[in-house]
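This report refers to the structure that appears directly beneath it.
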Amino acid sequence: MPLDQSNNRIIYFDNAATSWPKPAGMMAAMIDYNERIGGSPGRSGHHRSLAAGRIILETREALAELFGGGDSLRIAFTKNATEALNIALSGVLNPGDHIIASSMEHNSVMRPLRYLESQGVQLSVVPCSGDGRLDPEDVTAAIRPRTHMLVVTHASNVTGTIQPVAALGKIARDHGILFCVDAAQTAGALPINVDEMGIDLLAFSGHKSLCGPQGTGGLYVREGLEKQLRPLMTGGTGSRSEFEGQPDFMPDKYESGTPNTIGLAGLGAGVRFVLAEGVAAIRDKEEGLTARFLAGLAALPGVTVYGPPDAASRTAVVSFNIAGVSASAAALELDERFGILCRPGLHCAPAAHRTIGTFPQGTIRFGFGYFNNDEEIDLALEAIRSLAGNGAPH
Amino acid sequence: MEEQRYVVFLFPSVSYALKAEKILKAAGIAHKLIPVPRHISSDCGVCVRIAEDKERDVEGELRGRVEWDKAVLL
């Protein structure tokens, strides 16, 4: 079991916010870049600059392999999934356009959409069921003549609920609508194939299940779509330097300024770890941990669990509440008395909490990861039993 | 003996040139990344230099996998 700064044992269950620990190769790749390479990629052309460029290319290639997208240059790097979603949403929608989103979206989607709504974009938020599921038929019913895009989280960051992405992608394609998927919670944790799922825009986070460092993320853009997708920022790209207009090709159009090369070196190592272990094996382990935890919670009186009842319908995320104890008080007790690190509250997703009936009080969220184990789950269940029995202070 | 003549492939950006490099390395075709010669383009990037007689082979490897702008005889 890992130790904290004071050498106390901790149980890290906040992987839905950011994964920890990281594979050993992640930090090794970052140190290696810093000590042996250090150049600016895509600029200068000397051999250290090219070596830096190769590191970023290899990270792109690993991601393209993971997402089944073919050409790795269809992936633009960003600082996080939020930036990628902002490009995808504000880059293509104009006043008068209609967009459909689910009621389980994170604020990384909702806030850009509410802003766009204030600028004249028409927004429909399709309600999900009480356990967070989006019914594809409800999406079909919401389509209008000017519907331009459907944006959906692949899995909720609050309940882990997995949306029927392939079915939604087919609906979008059949109606000639762009399909944007927020894969912040699923990239590296669930299988993703952009072609088979009909995904036009895939936003991902590098520092969660892709096992990279914070400050990394990206956006996959379907071939040709970059011609109508405006960049969020413009600036130097190292390419077409003789022109003052922004390049209109992938990935340069969305990658202005010196990139986070050291972070992308780490992300490459993280993604290669995921590829080597295999998404199926990672999913298998995380689903097993989640099933063990759900079964344990079901036996505890005074505990309410949100989201789908089965582990197969969710990522390794479980939101719950303990009767008589607020989420924030429980999280503090779990941290200070048991060394269990989790996230209480609204998880930047008020719409999702309204959907499951926990707004504004929120929930306690456990997010399991590939490096957790059964012993930690069992210790956490004992801790929750103790809190539920004692009725810790509000 | 005749002097070796070269062709350079120019790409939209260094990312493309490096992808081409990876493809040619895997295909076993001798190549070298060099700064774009000033008389060909004012772009400040790099290009891929190959032996003149390999131009068709290189085109065959790159087509459908990575875009290039043009190939120029040095």
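As shown in the structure tokens, the chain order sets the letters A, B, ...; within each chain, residues go from 1, and ligands are also counted from 1 in the order they appear.
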### Proximal residues of chain B relative to chain A (only C-alpha atoms; 8 Å) as a PyMOL selection string
chain B and resi 12-16+18-19+34-35+42-46+65-66
Emit the selected residues as an mmCIF file, in the first residue's frame, including N, CA and C atoms.
```
data_model
loop_
_atom_site.group_PDB
_atom_site.id
_atom_site.type_symbol
_atom_site.label_atom_id
_atom_site.label_comp_id
_atom_site.auth_asym_id
_atom_site.auth_seq_id
_atom_site.Cartn_x
_atom_site.Cartn_y
_atom_site.Cartn_z
ATOM 1 N N PRO B 12 3.817 19.436 -44.862
ATOM 2 C CA PRO B 12 3.137 20.581 -44.245
ATOM 3 C C PRO B 12 3.815 21.048 -42.956
ATOM 4 N N SER B 13 4.346 20.098 -42.162
ATOM 5 C CA SER B 13 5.050 20.499 -40.935
ATOM 6 C C SER B 13 5.975 19.373 -40.496
ATOM 7 N N VAL B 14 6.747 19.658 -39.460
ATOM 8 C CA VAL B 14 7.731 18.679 -38.980
ATOM 9 C C VAL B 14 7.049 17.388 -38.520
ATOM 10 N N SER B 15 5.831 17.515 -37.966
ATOM 11 C CA SER B 15 5.120 16.301 -37.531
ATOM 12 C C SER B 15 4.966 15.318 -38.692
ATOM 13 N N TYR B 16 4.665 15.845 -39.869
ATOM 14 C CA TYR B 16 4.492 15.002 -41.051
ATOM 15 C C TYR B 16 5.838 14.411 -41.488
ATOM 16 N N LEU B 18 8.362 13.774 -39.650
ATOM 17 C CA LEU B 18 8.788 12.735 -38.707
ATOM 18 C C LEU B 18 7.963 11.467 -38.875
ATOM 19 N N LYS B 19 6.701 11.619 -39.257
ATOM 20 C CA LYS B 19 5.903 10.422 -39.534
ATOM 21 C C LYS B 19 6.447 9.722 -40.781
ATOM 22 N N ILE B 34 16.775 16.840 -43.354
ATOM 23 C CA ILE B 34 17.662 18.013 -43.456
ATOM 24 C C ILE B 34 16.801 19.280 -43.415
ATOM 25 N N PRO B 35 17.401 20.410 -43.017
ATOM 26 C CA PRO B 35 16.649 21.665 -43.079
ATOM 27 C C PRO B 35 16.203 21.922 -44.527
ATOM 28 N N SER B 42 10.923 29.090 -48.344
ATOM 29 C CA SER B 42 11.353 29.963 -47.249
ATOM 30 C C SER B 42 10.870 29.406 -45.907
ATOM 31 N N ASP B 43 10.217 28.239 -45.931
ATOM 32 C CA ASP B 43 9.753 27.618 -44.696
ATOM 33 C C ASP B 43 10.968 27.227 -43.855
ATOM 34 N N CYS B 44 10.811 27.314 -42.544
ATOM 35 C CA CYS B 44 11.964 27.059 -41.676
ATOM 36 C C CYS B 44 12.021 25.614 -41.181
ATOM 37 N N GLY B 45 11.239 24.716 -41.780
ATOM 38 C CA GLY B 45 11.171 23.362 -41.261
ATOM 39 C C GLY B 45 12.248 22.422 -41.797
ATOM 40 N N VAL B 46 11.957 21.128 -41.679
ATOM 41 C CA VAL B 46 12.869 20.117 -42.189
ATOM 42 C C VAL B 46 12.174 19.345 -43.321
ATOM 43 N N ARG B 65 -0.737 7.414 -46.285
ATOM 44 C CA ARG B 65 -0.327 7.313 -44.884
ATOM 45 C C ARG B 65 0.111 8.661 -44.327
ATOM 46 N N VAL B 66 0.763 9.441 -45.147
ATOM 47 C CA VAL B 66 1.135 10.786 -44.705
ATOM 48 C C VAL B 66 1.179 11.702 -45.929
#
```
### Message
Quick check for you: according to DSSP on this backbone, which residues of chain B are classed as strand (DSSP E or B)? Reply as a VMD selection string.
### Response
chain B and resid 6 to 10 32 to 35 46 to 51 70 to 73
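The residue set within 10 Å of Val48 of chain B, counting only C-alpha atoms and dropping same-chain residues fewer than 5 places from it, reads B:Val7, B:Val8, B:Phe9, B:Leu10, B:Phe11, B:Ala17, B:Leu18, B:Ala20, B:Glu21, B:Leu24, B:His31, B:Lys32, B:Leu33, B:Ile34, B:Pro35, B:Val36, B:Ala71.
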### Message
Using DSSP secondary structure from the backbone, list all helix (DSSP H, G or I) positions within chain B, as a ChimeraX atom specification.
### Response
/B:14-27,52-62
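Closest approach to Pro164 of chain A among A:Arg314, A:Gln122, A:Glu226, A:Gly217: A:Arg314, based on only C-alpha atoms.
With only C-alpha atoms as the atoms that count, the residue of B:Val72, B:Ala30, B:Ile23, B:Leu62 with the shortest distance to Cys47 of chain B is B:Val72.
Proximity of A:Ser326, A:Asn8, A:Thr258, A:Thr140 to Lys170 of chain A, computed with only C-alpha atoms, is greatest for A:Thr140.
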